>>> print(open('entry_24.txt').read())   # compact mmCIF, C-alpha atoms
# COMPACT_ATOMS: atom_id res chain seq x y z
CA MET D 1 -73.77 10.75 -44.28
CA ARG D 2 -70.56 10.28 -46.26
CA ALA D 3 -69.93 14.01 -46.35
CA ALA D 4 -70.55 14.31 -42.60
CA ARG D 5 -68.08 11.50 -41.93
CA LEU D 6 -65.47 13.11 -44.14
CA VAL D 7 -65.88 16.47 -42.42
CA THR D 8 -65.67 15.04 -38.88
CA ALA D 9 -62.69 12.86 -39.83
CA ALA D 10 -60.87 15.84 -41.32
CA ALA D 11 -61.64 17.97 -38.25
CA GLY D 12 -60.41 15.19 -35.95
CA LEU D 13 -57.19 14.70 -37.91
CA GLY D 14 -56.63 18.45 -37.90
CA LEU D 15 -56.97 18.59 -34.12
CA VAL D 16 -54.62 15.61 -33.69
CA LEU D 17 -52.01 17.28 -35.90
CA THR D 18 -52.33 20.60 -34.07
CA GLY D 19 -51.86 18.78 -30.76
CA ALA D 20 -48.81 16.91 -32.08
CA VAL D 21 -47.19 20.12 -33.35
CA PHE D 22 -47.72 21.91 -30.01
CA LEU D 23 -46.47 18.86 -28.12
CA VAL D 24 -43.20 18.71 -30.04
CA THR D 25 -42.62 22.46 -30.10
CA THR D 26 -43.49 23.28 -26.47
CA LEU D 27 -42.34 20.29 -24.37
CA PRO D 28 -38.69 19.63 -23.53
CA PHE D 29 -37.15 16.45 -24.92
CA ARG D 30 -37.12 14.74 -21.51
CA ALA D 31 -40.86 15.24 -21.10
CA LEU D 32 -41.44 13.77 -24.56
CA VAL D 33 -39.42 10.67 -23.60
CA GLY D 34 -41.46 10.39 -20.40
CA LEU D 35 -44.66 10.69 -22.42
CA ALA D 36 -43.51 7.97 -24.84
CA VAL D 37 -42.68 5.62 -21.94
CA TRP D 38 -46.09 6.32 -20.38
CA LEU D 39 -47.90 5.60 -23.67
CA VAL D 40 -46.00 2.33 -24.25
CA CYS D 41 -46.75 1.20 -20.68
CA ALA D 42 -50.42 2.11 -21.15
CA LEU D 43 -50.50 0.05 -24.35
CA ILE D 44 -48.92 -2.98 -22.65
CA LEU D 45 -51.28 -2.67 -19.68
CA HIS D 46 -54.31 -2.26 -21.95
CA ASP D 47 -53.55 -5.08 -24.38
CA GLY D 48 -51.85 -7.38 -21.91
CA VAL D 49 -54.10 -7.07 -18.87
CA PHE D 50 -57.37 -5.25 -19.46
CA VAL D 51 -58.33 -6.73 -22.84
CA PRO D 52 -57.85 -10.41 -21.82
CA LEU D 53 -59.71 -9.79 -18.55
CA THR D 54 -62.68 -8.03 -20.13
CA THR D 55 -62.82 -10.53 -23.02
CA ALA D 56 -63.00 -13.39 -20.53
CA ALA D 57 -65.59 -11.57 -18.41
CA ILE D 58 -67.80 -10.80 -21.43
CA ALA D 59 -67.57 -14.42 -22.62
CA ILE D 60 -68.66 -15.65 -19.18
CA VAL D 61 -71.56 -13.17 -18.99
CA ASN D 62 -72.70 -14.05 -22.52
CA ARG D 63 -72.59 -17.79 -21.81
CA ALA D 64 -74.28 -17.51 -18.43
CA GLY D 65 -76.96 -15.22 -19.82
CA ARG D 66 -77.66 -17.10 -23.05
CA ARG D 67 -81.36 -17.13 -22.30
CA PHE D 68 -81.45 -13.53 -21.09
CA PRO D 69 -82.95 -10.88 -23.34
CA GLY D 70 -80.28 -8.77 -25.05
CA ALA D 71 -81.26 -5.54 -23.27
CA ALA D 72 -80.83 -7.11 -19.83
CA LEU D 73 -77.40 -8.47 -20.75
CA LEU D 74 -76.28 -5.09 -22.06
CA THR D 75 -77.35 -3.38 -18.85
CA LEU D 76 -75.47 -5.98 -16.82
CA LYS D 77 -72.30 -5.42 -18.83
CA ALA D 78 -72.58 -1.64 -18.57
CA GLY D 79 -73.19 -1.87 -14.81
CA PHE D 80 -70.17 -4.05 -14.21
CA ALA D 81 -68.03 -1.85 -16.45
CA LEU D 82 -69.07 1.18 -14.39
CA GLY D 83 -68.27 -0.59 -11.10
CA ALA D 84 -64.91 -1.81 -12.39
CA LEU D 85 -64.00 1.66 -13.65
CA LEU D 86 -64.81 3.29 -10.30
CA THR D 87 -62.91 0.60 -8.37
CA LEU D 88 -59.86 0.99 -10.59
CA VAL D 89 -59.80 4.78 -10.47
CA VAL D 90 -60.36 5.00 -6.71
CA SER D 91 -57.66 2.42 -5.90
CA ILE D 92 -55.05 3.95 -8.21
CA GLU D 93 -55.83 7.49 -7.05
CA SER D 94 -55.57 6.48 -3.38
CA TYR D 95 -52.28 4.67 -4.00
CA VAL D 96 -50.76 7.62 -5.86
CA GLN D 97 -51.93 10.15 -3.26
CA LEU D 98 -50.64 8.07 -0.35
CA ARG D 99 -47.28 7.73 -2.03
CA HIS D 100 -46.92 11.41 -2.89
CA HIS D 101 -48.48 12.93 0.21
CA PRO D 102 -48.05 10.78 3.28
CA ARG D 103 -49.52 12.41 6.40
CA ASN D 104 -51.31 15.30 4.69
CA PRO D 105 -54.57 15.63 6.66
CA THR D 106 -56.46 17.32 3.81
CA ILE D 107 -56.03 14.45 1.36
CA LEU D 108 -57.97 11.18 1.26
CA VAL D 109 -60.46 12.54 3.75
CA GLY D 110 -63.24 10.03 3.16
CA ASP D 111 -63.82 6.36 3.83
CA TYR D 112 -63.37 5.37 0.21
CA GLY D 113 -63.69 1.61 0.72
CA LEU D 114 -67.11 1.97 2.33
CA ARG D 115 -68.30 4.43 -0.32
CA LEU D 116 -67.13 2.08 -3.06
CA LEU D 117 -69.10 -0.77 -1.47
CA LEU D 118 -72.20 1.44 -1.26
CA VAL D 119 -71.92 2.49 -4.90
CA TRP D 120 -71.48 -1.16 -5.90
CA ALA D 121 -74.61 -1.99 -3.88
CA VAL D 122 -76.58 0.74 -5.67
CA VAL D 123 -75.32 -0.40 -9.10
CA LEU D 124 -76.21 -4.04 -8.33
CA ALA D 125 -79.67 -3.03 -7.08
CA ILE D 126 -80.35 -1.03 -10.26
CA LEU D 127 -79.09 -3.95 -12.36
CA ALA D 128 -81.37 -6.37 -10.51
CA VAL D 129 -84.42 -4.13 -11.04
CA VAL D 130 -83.64 -3.53 -14.73
CA THR D 131 -83.03 -7.24 -15.34
CA VAL D 132 -86.26 -8.31 -13.66
CA VAL D 133 -88.29 -5.65 -15.48
CA THR D 134 -86.77 -6.60 -18.86
CA LEU D 135 -87.38 -10.31 -18.20
CA LEU D 136 -91.00 -9.72 -17.25
CA ARG D 137 -91.60 -7.49 -20.23
CA THR D 138 -90.12 -9.95 -22.76
CA ARG D 139 -92.04 -12.83 -21.19
CA ARG D 140 -95.29 -10.84 -21.46
CA THR D 141 -94.67 -9.98 -25.14
CA SER D 142 -93.79 -13.57 -26.01
CA ASP D 143 -96.90 -14.84 -24.19
CA ARG D 144 -99.15 -12.87 -26.47
CA MET H 1 -69.97 -3.79 -43.20
CA THR H 2 -69.77 -7.17 -41.49
CA ALA H 3 -72.25 -8.08 -38.79
CA PRO H 4 -70.86 -7.92 -35.25
CA ARG H 5 -69.84 -11.30 -33.85
CA ASP H 6 -72.03 -10.86 -30.82
CA PRO H 7 -75.32 -9.46 -32.07
CA ARG H 8 -76.13 -8.20 -28.58
CA THR H 9 -73.22 -5.77 -28.52
CA THR H 10 -74.04 -2.76 -30.62
CA ARG H 11 -72.06 0.40 -31.12
CA ARG H 12 -74.86 2.43 -29.59
CA ALA H 13 -74.91 0.25 -26.46
CA PHE H 14 -71.13 0.42 -26.17
CA LEU H 15 -71.05 4.21 -26.48
CA GLY H 16 -73.97 4.49 -24.09
CA GLY H 17 -72.24 2.32 -21.49
CA VAL H 18 -68.97 4.21 -21.76
CA GLY H 19 -70.82 7.53 -21.62
CA VAL H 20 -72.78 6.62 -18.50
CA SER H 21 -69.60 5.33 -16.81
CA MET H 22 -67.69 8.49 -17.58
CA ALA H 23 -70.54 10.76 -16.51
CA THR H 24 -70.85 8.85 -13.21
CA LEU H 25 -67.11 8.99 -12.56
CA ALA H 26 -67.00 12.71 -13.31
CA GLY H 27 -70.13 13.34 -11.24
CA LEU H 28 -68.72 11.54 -8.21
CA THR H 29 -65.29 13.25 -8.30
CA ALA H 30 -65.60 16.71 -9.87
CA GLY H 31 -67.07 18.06 -6.62
CA GLN H 32 -63.54 18.70 -5.37
CA SER H 33 -63.34 21.56 -7.88
CA PHE H 34 -66.97 22.60 -8.55
CA GLY H 35 -69.04 23.74 -5.62
CA TRP H 36 -72.40 22.68 -7.05
CA LEU H 37 -71.14 19.09 -7.36
CA ALA H 38 -69.59 19.04 -3.89
CA PRO H 39 -72.48 17.09 -2.28
CA PHE H 40 -71.80 14.24 -4.74
CA ASN H 41 -68.03 14.21 -4.22
CA LEU H 42 -67.61 10.62 -3.04
CA PHE H 43 -64.30 9.63 -4.57
CA ALA H 44 -62.06 12.64 -5.14
CA PRO H 45 -59.04 12.79 -2.82
CA ARG H 46 -59.90 16.28 -1.55
CA ARG H 47 -63.03 17.98 -0.31
CA GLN H 48 -64.17 21.57 -0.90
CA GLY H 49 -63.77 23.49 2.32
CA GLY H 50 -61.68 20.68 3.84
CA GLY H 51 -58.46 21.54 5.62
CA PRO H 52 -57.46 24.37 7.91
CA GLN H 53 -59.37 27.61 7.20
CA GLN H 54 -61.67 25.78 4.76
CA LEU H 55 -58.91 25.31 2.22
CA PRO H 56 -57.15 22.07 1.22
CA ILE H 57 -53.37 21.80 1.07
CA THR H 58 -51.15 20.15 -1.49
CA ARG H 59 -47.82 20.57 0.31
CA THR H 60 -47.78 20.93 4.07
CA ALA H 61 -45.22 22.93 6.06
CA LYS H 62 -43.93 19.63 7.41
CA GLN H 63 -43.48 18.18 3.93
CA ALA H 64 -41.65 21.34 2.88
CA HIS H 65 -39.45 21.27 6.06
CA VAL H 66 -40.22 24.91 6.52
CA ALA H 67 -41.91 25.14 9.95
CA ASP H 68 -38.90 26.38 11.95
CA TYR H 69 -38.03 29.16 9.50
CA ALA H 70 -41.64 30.22 9.09
CA ARG H 71 -42.30 30.43 12.85
CA ASP H 72 -39.13 32.42 13.50
CA PRO H 73 -40.29 35.68 15.21
CA SER H 74 -37.43 37.59 13.57
CA TRP H 75 -38.77 36.75 10.08
CA THR H 76 -38.76 39.56 7.53
CA LEU H 77 -39.67 39.72 3.86
CA ALA H 78 -36.81 41.09 1.76
CA VAL H 79 -37.83 43.19 -1.23
CA GLY H 80 -34.94 44.12 -3.51
CA HIS H 81 -34.36 46.08 -6.69
CA GLY H 82 -30.73 46.27 -7.76
CA SER H 83 -28.86 47.93 -4.93
CA ARG H 84 -32.04 49.11 -3.20
CA SER H 85 -33.59 46.76 -0.73
CA ARG H 86 -36.01 46.84 2.17
CA ARG H 87 -37.12 44.38 4.80
CA PHE H 88 -40.65 44.14 6.16
CA SER H 89 -41.71 42.32 9.30
CA ARG H 90 -45.23 40.89 9.38
CA LYS H 91 -46.26 43.81 11.56
CA GLU H 92 -44.94 46.31 9.02
CA LEU H 93 -46.71 44.48 6.19
CA LEU H 94 -49.94 44.62 8.18
CA ALA H 95 -49.45 48.37 8.64
CA HIS H 96 -49.57 48.84 4.83
CA PRO H 97 -52.98 49.42 3.18
CA GLN H 98 -54.67 46.00 3.01
CA THR H 99 -56.60 44.71 0.01
CA GLU H 100 -59.14 41.89 -0.03
CA VAL H 101 -59.56 39.61 -3.06
CA VAL H 102 -61.49 36.40 -3.74
CA LEU H 103 -59.26 34.08 -5.72
CA PRO H 104 -58.96 30.31 -6.12
CA ILE H 105 -56.11 27.99 -5.43
CA ALA H 106 -56.29 26.01 -8.66
CA CYS H 107 -54.00 23.07 -8.12
CA VAL H 108 -52.46 21.15 -11.02
CA GLU H 109 -53.39 18.01 -9.09
CA GLY H 110 -56.99 18.63 -10.04
CA TRP H 111 -58.68 20.47 -7.19
CA SER H 112 -59.58 24.10 -6.84
CA THR H 113 -61.17 26.08 -4.06
CA TYR H 114 -61.96 29.76 -3.75
CA ALA H 115 -60.89 31.72 -0.68
CA THR H 116 -60.94 35.31 0.53
CA TRP H 117 -57.41 36.65 0.80
CA ARG H 118 -56.19 39.80 2.53
CA GLY H 119 -52.79 41.38 2.23
CA VAL H 120 -50.61 44.01 0.60
CA ARG H 121 -50.77 44.66 -3.14
CA LEU H 122 -47.59 43.31 -4.68
CA ARG H 123 -47.22 46.38 -6.92
CA ASP H 124 -47.20 48.63 -3.82
CA LEU H 125 -44.33 46.62 -2.31
CA VAL H 126 -42.42 46.68 -5.59
CA ALA H 127 -42.91 50.45 -5.70
CA THR H 128 -41.29 50.88 -2.26
CA VAL H 129 -37.95 49.91 -3.82
CA GLY H 130 -38.57 51.88 -7.02
CA GLY H 131 -39.42 48.90 -9.20
CA PRO H 132 -40.69 50.05 -12.64
CA GLY H 133 -44.12 49.10 -13.95
CA ASP H 134 -42.81 46.81 -16.66
CA ALA H 135 -40.57 44.67 -14.46
CA GLY H 136 -41.08 41.05 -13.51
CA ILE H 137 -40.04 39.58 -10.17
CA ARG H 138 -38.33 36.54 -8.74
CA VAL H 139 -39.88 35.17 -5.57
CA THR H 140 -38.02 32.80 -3.24
CA SER H 141 -39.66 30.68 -0.57
CA LEU H 142 -38.26 29.73 2.82
CA GLU H 143 -38.41 26.11 1.70
CA PRO H 144 -34.89 24.64 1.76
CA ARG H 145 -35.61 22.70 -1.44
CA GLY H 146 -38.42 21.86 -3.82
CA HIS H 147 -39.26 22.33 -7.51
CA TYR H 148 -41.15 25.56 -6.90
CA ARG H 149 -38.93 27.14 -4.23
CA VAL H 150 -38.07 29.90 -6.71
CA MET H 151 -40.84 31.36 -8.86
CA THR H 152 -40.77 34.11 -11.46
CA MET H 153 -43.72 36.32 -12.35
CA GLY H 154 -44.19 38.59 -15.34
CA ALA H 155 -45.02 42.31 -15.05
CA GLU H 156 -48.63 41.70 -16.08
CA TYR H 157 -49.20 39.75 -12.85
CA VAL H 158 -47.02 42.02 -10.70
CA GLN H 159 -49.09 45.06 -11.72
CA ASP H 160 -52.46 43.33 -11.42
CA PRO H 161 -54.39 45.00 -8.58
CA ALA H 162 -55.58 41.57 -7.40
CA THR H 163 -52.05 40.19 -6.91
CA LEU H 164 -51.26 40.21 -3.20
CA VAL H 165 -48.66 39.27 -0.68
CA ALA H 166 -51.34 37.60 1.39
CA LEU H 167 -51.26 37.68 5.18
CA GLU H 168 -54.77 36.40 5.95
CA VAL H 169 -57.17 33.90 4.45
CA ASN H 170 -60.90 33.56 5.10
CA GLY H 171 -60.71 36.11 7.90
CA GLU H 172 -57.85 34.57 9.87
CA THR H 173 -54.07 34.81 10.00
CA LEU H 174 -52.64 32.41 7.40
CA ASP H 175 -52.25 28.91 8.75
CA LEU H 176 -48.69 27.62 8.71
CA ASP H 177 -49.76 25.10 6.05
CA HIS H 178 -51.20 27.90 3.91
CA GLY H 179 -47.92 29.81 3.86
CA TYR H 180 -47.57 31.76 7.14
CA PRO H 181 -46.05 34.33 7.58
CA ALA H 182 -46.82 35.50 4.00
CA ARG H 183 -47.60 33.99 0.63
CA MET H 184 -48.31 35.02 -2.95
CA ILE H 185 -51.79 34.99 -4.40
CA ALA H 186 -52.32 36.08 -8.00
CA PRO H 187 -55.17 35.64 -10.47
CA GLY H 188 -54.87 33.16 -13.33
CA ARG H 189 -51.88 31.17 -12.10
CA PRO H 190 -51.62 27.49 -11.17
CA GLY H 191 -51.45 26.65 -7.46
CA VAL H 192 -47.78 25.64 -7.56
CA LEU H 193 -46.90 29.22 -8.50
CA GLN H 194 -48.82 30.74 -5.56
CA THR H 195 -45.59 30.55 -3.55
CA LYS H 196 -45.98 29.98 0.20
CA TRP H 197 -43.66 30.93 3.10
CA LEU H 198 -42.10 33.94 1.34
CA ARG H 199 -38.46 34.79 1.94
CA SER H 200 -37.66 37.39 -0.70
CA ILE H 201 -38.97 39.29 -3.71
CA GLU H 202 -36.45 40.55 -6.25
CA VAL H 203 -37.40 42.97 -8.99
CA LEU H 204 -35.95 41.83 -12.33
CA GLU H 205 -34.94 44.15 -15.14
>>> encode(input="entry_24.txt", output="structure tokens")
Amino acid sequence: MRAARLVTAAAGLGLVLTGAVFLVTTLPFRALVGLAVWLVCALILHDGVFVPLTTAAIAIVNRAGRRFPGAALLTLKAGFALGALLTLVVSIESYVQLRHHPRNPTILVGDYGLRLLLVWAVVLAILAVVTVVTLLRTRRTSDR
Amino acid sequence: MTAPRDPRTTRRAFLGGVGVSMATLAGLTAGQSFGWLAPFNLFAPRRQGGGPQQLPITRTAKQAHVADYARDPSWTLAVGHGSRSRRFSRKELLAHPQTEVVLPIACVEGWSTYATWRGVRLRDLVATVGGPGDAGIRVTSLEPRGHYRVMTMGAEYVQDPATLVALEVNGETLDLDHGYPARMIAPGRPGVLQTKWLRSIEVLE
């Protein structure tokens, strides 16, 4: 186990270093500055917006589902994470595409809002089924 | 190792959740580039086979402000090599031996779609002005401005038998948005370098 960890860590570090060397040697200085700005903004957005929001959401789910079996709660969290990820990606992608390509008839060809609603409906339906099944199963085991 | 604060959140569950999310996101968007996933393409901005002549567009003729120049009936393609130069109308290009290739537009914006292209082999055109086999070229578009108005291409692409000055796509005359009257199509190059609305080809030495 220890040896495997050491090997994978060394391989990972090696890849990171290779990437860093190629980055610095192949990209012009201006692109590197742009990359640095992007990374700092991503950090601020991640730590300043996403982390507080998800921490609050998880606390609410945990409190509300105190009596839920652990497996059901985990599925709920994963389902909401999936829905949130899709919503975020689709909205940002649509915004960027609209800004860069106004009036291009081959872009943004679908009704993304409706599709997003449908996917949310499917995710919620699966969550409901999984939750009910898990609840029934735990109740049956504890009845025995 | 300390026990996690919330005993219901395990590393395995976290990785599983992230994995399922990523797989779903990829599954519902990658269909804009991979044909077998196309039926599941719910969220990608482009659709396989969408657009004129079953091919999406990144930059339209309108966006490139190129329509008037491209529709000009007196258009010719200038091919130059030092002091030698020739001009070809679309009709003259069509009179050259035509080659058909199946090549993708692989756009840096994340979509790619294969199409059947027909046109004149670039190396044949370069040969008409005596361009040597080891020379690269500089291609200029009719676009008045734009990052990729001027494109250079190394000899390895110029001499590739699949590199064409394309005049037709998917069995029809190129749509204005696909680069009418003539465009470049070469294997193994990003979409932004498949220059549309050609104005001139210069052999570099």
>>> axis_aligned_box(input="entry_24.txt", around="stretch 72-91 of chain H", padding_each_side="4 Å", output="JSON")
{"center_x": -37.6, "center_y": 40.8, "center_z": 3.7, "size_x": 25.4, "size_y": 24.7, "size_z": 31.0}
>>> residues_around(input="entry_24.txt", residues="H:Ala155", least_positions_apart="4", cutoff="9 Å", atoms="all atoms listed in the file", output="ChimeraX atom specification")
/H:133-137,159-160
>>> atom_distance(input="entry_24.txt", atom1="atom CA of H:Glu156", atom2="atom CA of H:Arg189")
11.7 Å
>>> residues_near_point(input="entry_24.txt", point="(-39.6, 25.3, 3.8)", cutoff="7 Å", atoms="only C-alpha atoms", output="ChimeraX atom specification")
/H:61,64-67,141-144,197
>>> atom_distance(input="entry_24.txt", atom1="atom CA of H:Gln98", atom2="atom CA of H:Arg121")
7.4 Å
>>> residues_around(input="entry_24.txt", residues="stretch 70-83 of chain D", least_positions_apart="3", cutoff="6 Å", atoms="all atoms listed in the file", output="list in words")
Leu86 and Thr131 of chain D; Arg8, Gly17 and Ser21 of chain H
>>> interface_residues(input="entry_24.txt", of="chain D", to="chain H", cutoff="12 Å", atoms="only C-alpha atoms", output="PDB file with C-alpha atoms, in the coordinates of the input")
ATOM      1  CA  ILE D  58     -67.800 -10.800 -21.430  1.00  0.00           C
ATOM      2  CA  ALA D  59     -67.570 -14.420 -22.620  1.00  0.00           C
ATOM      3  CA  VAL D  61     -71.560 -13.170 -18.990  1.00  0.00           C
ATOM      4  CA  ASN D  62     -72.700 -14.050 -22.520  1.00  0.00           C
ATOM      5  CA  ARG D  63     -72.590 -17.790 -21.810  1.00  0.00           C
ATOM      6  CA  GLY D  65     -76.960 -15.220 -19.820  1.00  0.00           C
ATOM      7  CA  ARG D  66     -77.660 -17.100 -23.050  1.00  0.00           C
ATOM      8  CA  PHE D  68     -81.450 -13.530 -21.090  1.00  0.00           C
ATOM      9  CA  PRO D  69     -82.950 -10.880 -23.340  1.00  0.00           C
ATOM     10  CA  GLY D  70     -80.280  -8.770 -25.050  1.00  0.00           C
ATOM     11  CA  ALA D  71     -81.260  -5.540 -23.270  1.00  0.00           C
ATOM     12  CA  ALA D  72     -80.830  -7.110 -19.830  1.00  0.00           C
ATOM     13  CA  LEU D  73     -77.400  -8.470 -20.750  1.00  0.00           C
ATOM     14  CA  LEU D  74     -76.280  -5.090 -22.060  1.00  0.00           C
ATOM     15  CA  THR D  75     -77.350  -3.380 -18.850  1.00  0.00           C
ATOM     16  CA  LEU D  76     -75.470  -5.980 -16.820  1.00  0.00           C
ATOM     17  CA  LYS D  77     -72.300  -5.420 -18.830  1.00  0.00           C
ATOM     18  CA  ALA D  78     -72.580  -1.640 -18.570  1.00  0.00           C
ATOM     19  CA  GLY D  79     -73.190  -1.870 -14.810  1.00  0.00           C
ATOM     20  CA  PHE D  80     -70.170  -4.050 -14.210  1.00  0.00           C
ATOM     21  CA  ALA D  81     -68.030  -1.850 -16.450  1.00  0.00           C
ATOM     22  CA  LEU D  82     -69.070   1.180 -14.390  1.00  0.00           C
ATOM     23  CA  GLY D  83     -68.270  -0.590 -11.100  1.00  0.00           C
ATOM     24  CA  ALA D  84     -64.910  -1.810 -12.390  1.00  0.00           C
ATOM     25  CA  LEU D  85     -64.000   1.660 -13.650  1.00  0.00           C
ATOM     26  CA  LEU D  86     -64.810   3.290 -10.300  1.00  0.00           C
ATOM     27  CA  THR D  87     -62.910   0.600  -8.370  1.00  0.00           C
ATOM     28  CA  LEU D  88     -59.860   0.990 -10.590  1.00  0.00           C
ATOM     29  CA  VAL D  89     -59.800   4.780 -10.470  1.00  0.00           C
ATOM     30  CA  VAL D  90     -60.360   5.000  -6.710  1.00  0.00           C
ATOM     31  CA  SER D  91     -57.660   2.420  -5.900  1.00  0.00           C
ATOM     32  CA  ILE D  92     -55.050   3.950  -8.210  1.00  0.00           C
ATOM     33  CA  GLU D  93     -55.830   7.490  -7.050  1.00  0.00           C
ATOM     34  CA  SER D  94     -55.570   6.480  -3.380  1.00  0.00           C
ATOM     35  CA  TYR D  95     -52.280   4.670  -4.000  1.00  0.00           C
ATOM     36  CA  VAL D  96     -50.760   7.620  -5.860  1.00  0.00           C
ATOM     37  CA  GLN D  97     -51.930  10.150  -3.260  1.00  0.00           C
ATOM     38  CA  LEU D  98     -50.640   8.070  -0.350  1.00  0.00           C
ATOM     39  CA  HIS D 100     -46.920  11.410  -2.890  1.00  0.00           C
ATOM     40  CA  HIS D 101     -48.480  12.930   0.210  1.00  0.00           C
ATOM     41  CA  PRO D 102     -48.050  10.780   3.280  1.00  0.00           C
ATOM     42  CA  ARG D 103     -49.520  12.410   6.400  1.00  0.00           C
ATOM     43  CA  ASN D 104     -51.310  15.300   4.690  1.00  0.00           C
ATOM     44  CA  PRO D 105     -54.570  15.630   6.660  1.00  0.00           C
ATOM     45  CA  THR D 106     -56.460  17.320   3.810  1.00  0.00           C
ATOM     46  CA  ILE D 107     -56.030  14.450   1.360  1.00  0.00           C
ATOM     47  CA  LEU D 108     -57.970  11.180   1.260  1.00  0.00           C
ATOM     48  CA  VAL D 109     -60.460  12.540   3.750  1.00  0.00           C
ATOM     49  CA  GLY D 110     -63.240  10.030   3.160  1.00  0.00           C
ATOM     50  CA  ASP D 111     -63.820   6.360   3.830  1.00  0.00           C
ATOM     51  CA  TYR D 112     -63.370   5.370   0.210  1.00  0.00           C
ATOM     52  CA  GLY D 113     -63.690   1.610   0.720  1.00  0.00           C
ATOM     53  CA  LEU D 114     -67.110   1.970   2.330  1.00  0.00           C
ATOM     54  CA  ARG D 115     -68.300   4.430  -0.320  1.00  0.00           C
ATOM     55  CA  LEU D 116     -67.130   2.080  -3.060  1.00  0.00           C
ATOM     56  CA  LEU D 117     -69.100  -0.770  -1.470  1.00  0.00           C
ATOM     57  CA  LEU D 118     -72.200   1.440  -1.260  1.00  0.00           C
ATOM     58  CA  VAL D 119     -71.920   2.490  -4.900  1.00  0.00           C
ATOM     59  CA  VAL D 123     -75.320  -0.400  -9.100  1.00  0.00           C
TER      60      VAL D 123
END
>>> atom_distance(input="entry_24.txt", atom1="atom CA of D:Leu124", atom2="atom CA of D:Val49")
24.7 Å
